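In what follows, a single structure is set out as structure tokens and then discussed.
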Amino acid sequence: MSAPAGGSPTRVHLVRHGEVFNPGKVLYGRLPGFGLSDKGQNQAKVTAEFLAGLDVAAVVASPLDRAQQTAAPIAAAHGLTIDVDPRLIESRNAFEGRTFEAGPAVLRYPRMWRLLVNPFEPSWGEPYVEIAERMLAAVAEWRDAHPGRHVVLVSHQLPVWTTRRALEGLRLWHRPDRRQCALASVTTAVYQGERLTGVEYAEPNGPTGNTPGSVGA
């Protein structure tokens with residue numbers, strides 16, 4: 001159950017994974033075998049240090065390797081094991097496994113044009129509303145399991161950013177190049193009981209812009 005309205009706030013930290021080893025610049029999506037690069041491993045450690053002084057009750061991660069590897073040093077810093085929640089997984093994407101995304105490059109591949117019919121859904125992947133629903137359900141469940149404490153959920157760029165927009169009451173459709181969700185960043189939902197009182201954002205590793213193959217990662 002959630003903490004009483006006058007109790008300590010509960011903070012749910014949505015962490016994006018660190019940089020992935022992806023020399024082929026593939027849009028990896030849910031494909032197996034894509035783990036963190038050396039830089040990504042270091043980013044995970046820096047974020048773990050950022051969260052080390054908090055009263056973290058649970059560290060939960062997407063089942064994908066890059067999220068599990070990002071969660072590992074965070075969990076270790078608090079003497080916790082990693083819980084796996086499939087609702088935190090990367091979004092579905094029809095361009096998975098390709099070296100181009102839903103953008104100008106698609107014009108060179110006529111067979112893919114049908115996927116661009118509705119960018120507001122989007123038609124090439126998991127609908128934004130479905131991403132928001134599964135992510136918000138996970139946030140609420142883990143929030144209610146540990147009232148008055150901190151919970152860390154390690155996920156992916158698009159799910160984290162979609163969740164933030166849903167929490168802030170913004171339209172879910174957006175420009176991918178304007179997401180504020182750097183690698184190994186921390187987006188925090190602050191609750192008093194079940195009532196959202198604020199959303200915070202931090203970049204323990206500094207800003208990291210999108211690079212080819214990173215959108216939705």
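Naming scheme: A, B, ... for chains in displayed order of the structure tokens; residues 1 onward per chain; ligands 1 onward as shown.
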
**Q.** Spatial neighbours of A:Glu203, max dist 10 Å, only C-alpha atoms, sep filter under 2 positions, as JSON, numbers by chain
**A.** {"A": [15, 46, 47, 50, 180, 181, 182, 183, 184, 185, 186, 187, 201, 205, 206, 207, 208]}

Quick one: which stretch 122-159 of chain A residues come within 8 Å of stretch 82-105 of chain A, and what is the nearest atom pair for each with the distance in Å to one decimal, counting only C-alpha atoms, rows ordered by chain and ascending number, as CSV?
```
residue,atom,partner,partner_atom,distance
A:Trp124,CA,A:Ala94,CA,5.4
A:Gly125,CA,A:Asn93,CA,4.1
A:Glu126,CA,A:Arg92,CA,4.9
A:Ile131,CA,A:Ser91,CA,6.9
A:Arg134,CA,A:Arg87,CA,5.5
A:Met135,CA,A:Arg87,CA,6.1
A:Ala138,CA,A:Arg87,CA,6.5
A:Leu153,CA,A:Leu88,CA,7.7
A:Val154,CA,A:Leu88,CA,7.3
A:Ser155,CA,A:Leu88,CA,5.3
A:His156,CA,A:Glu90,CA,5.6
A:Gln157,CA,A:Glu90,CA,8.0
A:Leu158,CA,A:Ser91,CA,7.1
A:Pro159,CA,A:Glu90,CA,6.6
```

Q | Option closest in space to A:Asn118, from A:Ala166, A:Trp173, A:Ala57, A:Asp65 [counting only C-alpha atoms] | A |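 For A:Asn118, the nearest of the candidates is A:Trp173.
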
Q) Within 9 Å of A:Asp38, counting only C-alpha atoms, which residues qualify if same-chain residues fewer than 5 places away don't, as a ChimeraX atom specification? A) /A:19-21,43

For the selection you just gave me, I'd like the residues written to a file as a PDB file, in the first residue's frame, keeping N, CA and C atoms.
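Everything below was put into result35.pdb:
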```pdb
ATOM      1  N   GLU A  19      25.710   3.377 -22.662  1.00  0.00           N
ATOM      2  CA  GLU A  19      26.048   3.203 -24.075  1.00  0.00           C
ATOM      3  C   GLU A  19      26.220   1.723 -24.420  1.00  0.00           C
ATOM      4  N   VAL A  20      25.715   1.346 -25.579  1.00  0.00           N
ATOM      5  CA  VAL A  20      25.753  -0.047 -26.034  1.00  0.00           C
ATOM      6  C   VAL A  20      26.891  -0.251 -27.023  1.00  0.00           C
ATOM      7  N   PHE A  21      27.527  -1.420 -26.972  1.00  0.00           N
ATOM      8  CA  PHE A  21      28.538  -1.770 -27.969  1.00  0.00           C
ATOM      9  C   PHE A  21      27.806  -2.149 -29.245  1.00  0.00           C
ATOM     10  N   GLN A  43      29.590   4.432 -17.444  1.00  0.00           N
ATOM     11  CA  GLN A  43      28.412   5.269 -17.203  1.00  0.00           C
ATOM     12  C   GLN A  43      27.511   4.655 -16.141  1.00  0.00           C
TER      13      GLN A  43
END
```

Q: Quick one: pick out all strand (DSSP E) residues within stretch 88-200 of chain A from a backbone DSSP run and write them as a PyMOL selection string.
A: chain A and resi 150-155+186-192+195-200

Q.
as an MDAnalysis selection string, please: every residue in stretch 35-95 of chain A that a backbone DSSP assignment puts in helix (DSSP H, G or I).
A. chainID A and resid 38:51 65:77 86:88

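Computed from the coordinates, the atom CA of A:Val139 to atom CA of A:Gly169 distance equals 15.8 Å.
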
Q: Between A:Val199, A:Val152, A:Leu51, A:Leu31, single out the one closest to A:Arg165, counting only C-alpha atoms.
A: A:Val199

Q) Which residue out of A:Pro110, A:Val151, A:Arg178, A:Val26 has the minimum interatomic distance to A:Leu80 when only C-alpha atoms are used? A)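 Closest candidate: A:Val151.
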
**Q.** Atomic distance atom CA of A:Val160 - atom CA of A:Ser37, expressed in Å with one decimal
**A.**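 So the two atoms, atom CA of A:Val160 and atom CA of A:Ser37, lie 20.8 Å apart.
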
Q | Top pick for closest residue to A:Arg66, considering A:Met112, A:Leu36, A:Ala44, A:Leu54 and counting only C-alpha atoms | A |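 So, comparing all the options, the nearest one is A:Leu36.
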